[in-house]
Every structure is written in C-alpha cells, then in structure tokens.
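Next up, query.csv (CSV, C-alpha atoms):
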```csv
chain,number,residue,atom,x,y,z
A,10,MET,CA,-87.4,103.0,-17.7
A,11,THR,CA,-86.7,103.3,-21.4
A,12,GLY,CA,-87.8,106.2,-23.5
A,13,ASN,CA,-90.4,104.1,-25.3
A,14,GLU,CA,-91.8,102.8,-22.0
A,15,SER,CA,-92.0,106.2,-20.4
A,16,GLY,CA,-93.5,107.6,-23.6
A,17,ARG,CA,-96.4,105.1,-23.3
A,18,ARG,CA,-97.3,106.7,-19.9
A,19,HIS,CA,-99.0,109.4,-22.0
A,20,THR,CA,-101.1,109.3,-25.1
A,21,ARG,CA,-100.4,111.3,-28.3
A,22,ASP,CA,-103.3,113.5,-27.3
A,23,ASP,CA,-101.8,114.2,-23.8
A,24,VAL,CA,-98.5,115.3,-25.5
A,25,ALA,CA,-100.3,117.6,-28.0
A,26,GLU,CA,-102.6,119.2,-25.5
A,27,THR,CA,-99.8,119.8,-23.1
A,28,ALA,CA,-97.8,121.4,-25.9
A,29,LEU,CA,-100.7,123.7,-26.7
A,30,ARG,CA,-100.8,124.8,-23.1
A,31,ILE,CA,-97.1,125.6,-23.2
A,32,LEU,CA,-97.5,127.4,-26.4
A,33,ASP,CA,-100.2,129.6,-24.9
A,34,ASP,CA,-98.3,130.2,-21.7
A,35,TYR,CA,-94.8,130.8,-23.1
A,36,GLY,CA,-95.0,131.3,-26.8
A,37,LEU,CA,-93.5,129.4,-29.7
A,38,PRO,CA,-89.8,130.2,-29.0
A,39,ASP,CA,-90.1,128.6,-25.6
A,40,LEU,CA,-92.0,125.6,-26.7
A,41,THR,CA,-89.1,123.2,-26.6
A,42,MET,CA,-89.1,119.4,-26.4
A,43,ARG,CA,-87.2,119.7,-23.1
A,44,ARG,CA,-89.8,121.9,-21.6
A,45,LEU,CA,-92.6,119.7,-22.9
A,46,ALA,CA,-90.9,116.6,-21.4
A,47,ALA,CA,-90.5,118.3,-18.1
A,48,ALA,CA,-94.2,119.2,-18.0
A,49,LEU,CA,-95.1,115.6,-18.7
A,50,ASP,CA,-92.5,114.3,-16.2
A,51,VAL,CA,-90.7,112.1,-18.9
A,52,GLN,CA,-87.3,112.2,-20.6
A,53,PRO,CA,-87.2,114.2,-23.9
A,54,SER,CA,-86.5,111.0,-25.8
A,55,ALA,CA,-89.9,109.6,-24.7
A,56,LEU,CA,-91.7,112.2,-26.7
A,57,TYR,CA,-90.3,110.7,-30.0
A,58,TRP,CA,-92.5,107.7,-29.3
A,59,HIS,CA,-95.4,109.9,-30.4
A,60,PHE,CA,-93.7,112.6,-32.6
A,61,PRO,CA,-90.5,111.8,-34.5
A,62,ASN,CA,-89.4,115.5,-34.4
A,63,LYS,CA,-90.5,119.0,-33.4
A,64,GLN,CA,-91.8,119.8,-36.9
A,65,THR,CA,-94.4,117.0,-36.8
A,66,LEU,CA,-95.4,118.1,-33.3
A,67,LEU,CA,-96.0,121.6,-34.5
A,68,ALA,CA,-97.9,120.2,-37.5
A,69,GLU,CA,-100.2,118.4,-35.1
A,70,LEU,CA,-100.7,121.6,-33.1
A,71,ALA,CA,-101.5,123.5,-36.3
A,72,ASP,CA,-104.1,121.0,-37.2
A,73,ARG,CA,-105.7,121.2,-33.8
A,74,ILE,CA,-105.8,125.0,-33.9
A,75,VAL,CA,-107.3,125.0,-37.3
A,76,ALA,CA,-109.9,122.3,-36.5
A,77,ARG,CA,-111.2,124.5,-33.7
A,78,GLY,CA,-111.8,127.3,-36.2
A,79,ALA,CA,-114.3,125.8,-38.6
A,80,ALA,CA,-117.3,127.9,-39.1
A,81,PRO,CA,-120.3,126.2,-37.5
A,82,SER,CA,-122.3,124.3,-40.0
A,83,SER,CA,-125.5,125.8,-38.5
A,84,ALA,CA,-124.2,129.3,-39.1
A,85,ALA,CA,-123.1,128.5,-42.7
A,86,ALA,CA,-126.4,126.8,-43.6
A,87,GLY,CA,-128.4,129.0,-46.0
A,88,LEU,CA,-125.5,131.5,-46.6
A,89,GLY,CA,-124.6,132.4,-50.1
A,90,TRP,CA,-121.0,131.4,-51.0
A,91,PRO,CA,-119.5,134.9,-50.5
A,92,ASP,CA,-120.8,135.1,-46.9
A,93,ARG,CA,-119.8,131.5,-46.3
A,94,LEU,CA,-116.3,132.4,-47.4
A,95,ARG,CA,-116.2,135.4,-45.1
A,96,ALA,CA,-117.5,133.3,-42.3
A,97,GLU,CA,-114.7,130.7,-42.8
A,98,ALA,CA,-112.1,133.4,-42.8
A,99,ALA,CA,-113.5,135.0,-39.7
A,100,ALA,CA,-113.7,131.6,-37.9
A,101,LEU,CA,-110.1,130.9,-38.8
A,102,ARG,CA,-108.9,134.3,-37.5
A,103,ASP,CA,-110.7,133.6,-34.2
A,104,ALA,CA,-109.0,130.2,-33.9
A,105,LEU,CA,-105.6,131.6,-34.6
A,106,LEU,CA,-106.1,134.4,-32.0
A,107,ALA,CA,-107.1,131.9,-29.4
A,108,TYR,CA,-103.5,130.6,-29.1
A,109,ARG,CA,-100.4,132.7,-28.5
A,110,ASP,CA,-98.4,132.7,-31.8
A,111,GLY,CA,-101.1,130.6,-33.4
A,112,ALA,CA,-100.7,132.3,-36.8
A,113,GLU,CA,-96.9,131.6,-36.8
A,114,VAL,CA,-97.4,127.9,-35.9
A,115,VAL,CA,-100.0,127.4,-38.7
A,116,ALA,CA,-98.0,129.5,-41.3
A,117,SER,CA,-94.8,127.6,-40.6
A,118,THR,CA,-96.5,124.3,-40.9
A,119,TYR,CA,-98.1,125.2,-44.2
A,120,ALA,CA,-94.8,126.6,-45.5
A,121,LEU,CA,-93.2,123.2,-44.8
A,122,GLY,CA,-96.0,121.3,-46.5
A,123,LEU,CA,-97.0,119.5,-43.3
A,124,GLY,CA,-100.3,119.1,-41.6
A,125,ASP,CA,-103.8,118.5,-42.9
A,126,ALA,CA,-104.4,121.7,-44.9
A,127,ALA,CA,-107.9,121.8,-43.5
A,128,ALA,CA,-108.1,125.6,-43.6
A,129,GLN,CA,-107.1,125.7,-47.3
A,130,ARG,CA,-109.7,123.0,-48.0
A,131,ARG,CA,-112.6,124.7,-46.2
A,132,LEU,CA,-111.9,128.0,-47.9
A,133,ALA,CA,-111.7,126.3,-51.3
A,134,GLU,CA,-114.9,124.5,-50.7
A,135,ALA,CA,-116.7,127.7,-49.9
A,136,ALA,CA,-115.3,129.3,-53.0
A,137,ALA,CA,-116.3,126.3,-55.2
A,138,ALA,CA,-119.9,126.8,-54.0
A,139,GLY,CA,-119.8,129.9,-56.3
A,140,GLY,CA,-119.4,127.7,-59.4
A,141,PHE,CA,-115.7,128.3,-59.8
A,142,ASP,CA,-113.5,125.6,-61.2
A,143,ALA,CA,-111.1,123.8,-58.9
A,144,GLU,CA,-108.0,125.8,-59.9
A,145,THR,CA,-109.8,129.1,-59.3
A,146,SER,CA,-111.2,127.9,-56.0
A,147,ASP,CA,-107.8,126.8,-54.8
A,148,ARG,CA,-106.1,130.0,-55.9
A,149,ALA,CA,-108.8,132.1,-54.2
A,150,ALA,CA,-108.5,130.0,-51.0
A,151,THR,CA,-104.7,130.4,-51.0
A,152,ALA,CA,-104.9,134.2,-51.4
A,153,LEU,CA,-107.5,134.4,-48.6
A,154,LEU,CA,-105.5,132.1,-46.4
A,155,HIS,CA,-102.3,134.1,-46.8
A,156,PHE,CA,-104.3,137.3,-45.9
A,157,VAL,CA,-105.7,135.7,-42.7
A,158,LEU,CA,-102.3,134.3,-41.6
A,159,GLY,CA,-100.5,137.6,-42.3
A,160,HIS,CA,-103.1,139.8,-40.7
A,161,VAL,CA,-103.3,137.7,-37.5
A,162,SER,CA,-99.5,137.4,-37.3
A,163,HIS,CA,-99.4,141.1,-37.4
A,164,GLU,CA,-102.1,141.4,-34.7
A,165,GLN,CA,-100.3,138.9,-32.4
A,166,GLN,CA,-97.0,140.6,-32.8
A,167,ARG,CA,-98.6,143.9,-31.8
A,168,MET,CA,-100.2,142.3,-28.8
A,169,GLN,CA,-96.9,140.9,-27.7
A,170,PHE,CA,-95.0,144.2,-28.1
A,171,ASP,CA,-97.8,146.1,-26.4
A,172,SER,CA,-97.8,143.6,-23.5
A,173,ILE,CA,-94.1,144.4,-22.8
A,174,GLY,CA,-94.5,148.2,-23.4
A,175,VAL,CA,-92.5,148.5,-26.6
A,176,LEU,CA,-95.2,149.2,-29.1
A,177,ALA,CA,-94.2,152.1,-31.4
A,178,THR,CA,-96.4,155.0,-32.1
A,179,GLY,CA,-94.4,156.7,-34.9
A,180,GLN,CA,-95.2,157.2,-38.5
A,181,ALA,CA,-94.4,153.5,-39.3
A,182,ALA,CA,-96.9,152.3,-36.7
A,183,ASP,CA,-100.2,150.8,-37.8
A,184,PRO,CA,-102.6,153.7,-38.2
A,185,LEU,CA,-105.5,151.6,-36.9
A,186,ASP,CA,-106.1,151.3,-33.2
A,187,ARG,CA,-105.9,147.8,-31.9
A,188,SER,CA,-109.6,147.9,-31.1
A,189,ASP,CA,-110.3,148.3,-34.8
A,190,SER,CA,-108.3,145.2,-35.8
A,191,ALA,CA,-111.5,143.2,-36.4
A,192,ALA,CA,-112.9,145.9,-38.6
A,193,ALA,CA,-109.7,146.1,-40.5
A,194,PHE,CA,-109.7,142.3,-41.0
A,195,ALA,CA,-113.3,142.3,-42.2
A,196,PHE,CA,-112.4,145.1,-44.7
A,197,GLY,CA,-109.5,143.1,-46.1
A,198,ALA,CA,-111.6,139.9,-46.4
A,199,ASP,CA,-114.3,141.9,-48.2
A,200,LEU,CA,-111.8,143.2,-50.7
A,201,LEU,CA,-110.7,139.7,-51.6
A,202,VAL,CA,-114.2,138.1,-51.6
A,203,GLY,CA,-115.6,141.1,-53.5
A,204,GLY,CA,-112.9,140.7,-56.2
A,205,LEU,CA,-113.7,137.0,-56.5
A,206,GLU,CA,-117.4,137.9,-56.9
A,207,ARG,CA,-116.6,139.9,-60.0
A,208,LEU,CA,-115.1,136.8,-61.5
A,209,ALA,CA,-118.1,134.6,-60.7
A,210,PRO,CA,-119.3,132.5,-63.7
A,211,GLY,CA,-122.1,134.1,-65.6
A,212,ARG,CA,-121.5,137.5,-64.0
A,213,THR,CA,-121.5,140.4,-66.5
A,214,PRO,CA,-118.5,142.7,-66.0
A,215,ALA,CA,-119.3,146.2,-64.8
A,216,GLY,CA,-120.1,148.3,-67.9
A,217,GLY,CA,-119.9,145.3,-70.2
A,218,THR,CA,-122.4,143.3,-72.2
A,219,GLY,CA,-121.3,139.8,-71.2
A,220,GLY,CA,-119.1,139.5,-74.2
A,221,GLU,CA,-115.3,139.8,-74.5
A,222,VAL,CA,-114.0,142.8,-72.8
A,223,SER,CA,-112.5,145.1,-75.4
A,224,ARG,CA,-108.9,146.3,-75.1
A,225,SER,CA,-107.7,149.7,-76.1
A,226,ARG,CA,-105.0,149.9,-78.6
A,227,THR,CA,-102.3,152.4,-78.7
```
Please lay out the structure from this file as structure tokens.
Amino acid sequence: MTGNESGRRHTRDDVAETALRILDDYGLPDLTMRRLAAALDVQPSALYWHFPNKQTLLAELADRIVARGAAPSSAAAGLGWPDRLRAEAAALRDALLAYRDGAEVVASTYALGLGDAAAQRRLAEAAAAGGFDAETSDRAATALLHFVLGHVSHEQQRMQFDSIGVLATGQAADPLDRSDSAAAFAFGADLLVGGLERLAPGRTPAGGTGGEVSRSRT
C-alpha cells in the first residue's frame, strides 16, 4: 500500500486528534511523526497526505487548542469591554493548561507566523469594544497574548519539574505557591487591562483636565 493510500485510511481530523492525545501523554519533545504514524498504524510518509510537515501539524494543533479556549458568548454577553478582555485571557489560559506543553505549541506556532491567530483576534475584538482604533487594539491584544503565553509556559514548566521532583525552592524560585498561580495570572491580566483602561478614548487622565498633559521642563 502506498503512502497516499494508507494516509486515506484516516481523516485529517483523525491525525490531529491522535497527535493531541500524544502531546498530552508524552509532551511536545516526544510528539514525533514516527510515533504518530505508529499510533495510527500507518507509515510516516502517509501522514504527509494530510500535513506536508511537522510545523503545519503543530499549527493545526495550536488552532484546535485555542479554539477550545474561547470565552463562552453567554458569559461575555453584557460584560463591559475590560471584563470581556479579562474573560478572554482567562479562557485562553484554561485552554493552554488543558494540554501538556500547550503554551509552547501555541507560542511556537505564532512565532513562525502559522495558524489562524484566533487568540490574537479575539483579544483585539474585546479591546476594540472599548472604542480603541485598530492599531491600539492589536497592540493591546499582542501584549496580553504574550503575557498569557509566557505565564502559562512558566506554569507548565513548574508542573513538569514538580512532577519529576526537581522543582527548586531557593531564592530564584517563584515566590508564589503553585496554588496561587491563578491569582497571580489574574493580577497580571488586571495590570495590563487596567493600563489600557487609562488610555480609553474620552477618559480624563488622573489629576488632569482632559486637555494636553503638561510636561515639566528642566
């Protein structure tokens, strides 16, 4: 049986969902095309019928992880834009944590410019609801996305090291207990969203009169 013929035994969805299970069971370093092919009982060459290379496979996995992290529309309904932005960030964190090395998969996909960029788009749409122009909304979304990816990547590394008993407790260790990671995430998200609120159109700067902010001269 040729690679293409054996590849047709499974759908693209079969391949991606099996890859997600391997990712969750073994982690990103052990998600190889050879291991994936063995799990599907096909030759590795058969996988390229659906995905031309591993990077495109990982991009598909990233899209699926992110898609499962959209804030429910029912929960977002009626929320002001700051709370909607916080809800989207929290939902993305939950989605990344649902898969082993989820943050690394999504971050590497974004770094390569692959995938759907749905997370960036949802965050930007939430920010735009505050009346910001497209450039400001995109920059705010990027900053918040980088925070989410970095924070969750750190959380997942600590979980992995803790699971094998090598988590350090010295001065360089995270001062927050793992049980406080959700609170630490919420605090960081609040800092970013709160900073954006201060830039909201029509908002008077603290201590100002709504006019141009004066600058001291030396």
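Counting all atoms listed in the file and comparing A:Leu158, A:Arg207, A:Ser117, A:Leu123, the residue that lies closest to Ala104 of chain A is A:Leu158.
Here atom CA of Thr41 of chain A is placed at a distance of 26.5 Å from atom CA of His155 of chain A.
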At a cut-off of 8 Å, can you tabulate as JSON lines every residue of segment 75-159 of chain A near segment 190-197 of chain A together with its closest atom pair and the distance in Å to one decimal, using all atoms listed in the file and ordering rows by chain then number?
```
{"residue": "A:Ala99", "atom": "CA", "partner": "A:Ala195", "partner_atom": "CA", "distance": 7.7}
{"residue": "A:Phe156", "atom": "CA", "partner": "A:Gly197", "partner_atom": "CA", "distance": 7.8}
{"residue": "A:Val157", "atom": "CA", "partner": "A:Phe194", "partner_atom": "CA", "distance": 7.9}
```
Using only C-alpha atoms, which of the listed residues (A:Ala107, A:Ala68, A:Leu101, A:Ala137) sits closest to Tyr119 of chain A?
A:Ala68
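Atom CA of Thr65 of chain A lies 24.9 Å from atom CA of Ala152 of chain A.
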Would you write out, as CSV, a table of all residues in segment 13-110 of chain A that have an atom no more than 10 Å from an atom of segment 201-204 of chain A, listing for each the closest atom pair and the distance in Å to one decimal, considering only C-alpha atoms and ordering rows by chain and rising residue number?
```
residue,atom,partner,partner_atom,distance
A:Trp90,CA,A:Val202,CA,9.6
A:Pro91,CA,A:Val202,CA,6.3
A:Asp92,CA,A:Val202,CA,8.6
A:Leu94,CA,A:Val202,CA,7.4
A:Arg95,CA,A:Val202,CA,7.3
```
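Considering the residues A:Leu56, A:Val114, A:Leu205, A:Leu40 and counting all atoms listed in the file, Arg148 of chain A has its shortest atom-to-atom contact with A:Leu205.
When the distance limit is 12 Å and only C-alpha atoms are what count, the residues near Thr27 of chain A, minus those fewer than 4 positions from it on the same chain, are His19, Thr20, Arg21, Asp22, Asp23, Ile31, Leu32, Asp33, Asp34, Leu40, Thr41, Met42, Arg44, Leu45, Ala46, Ala47, Ala48, Leu49, Asp50, Leu56, Leu66 and Leu70 of chain A.
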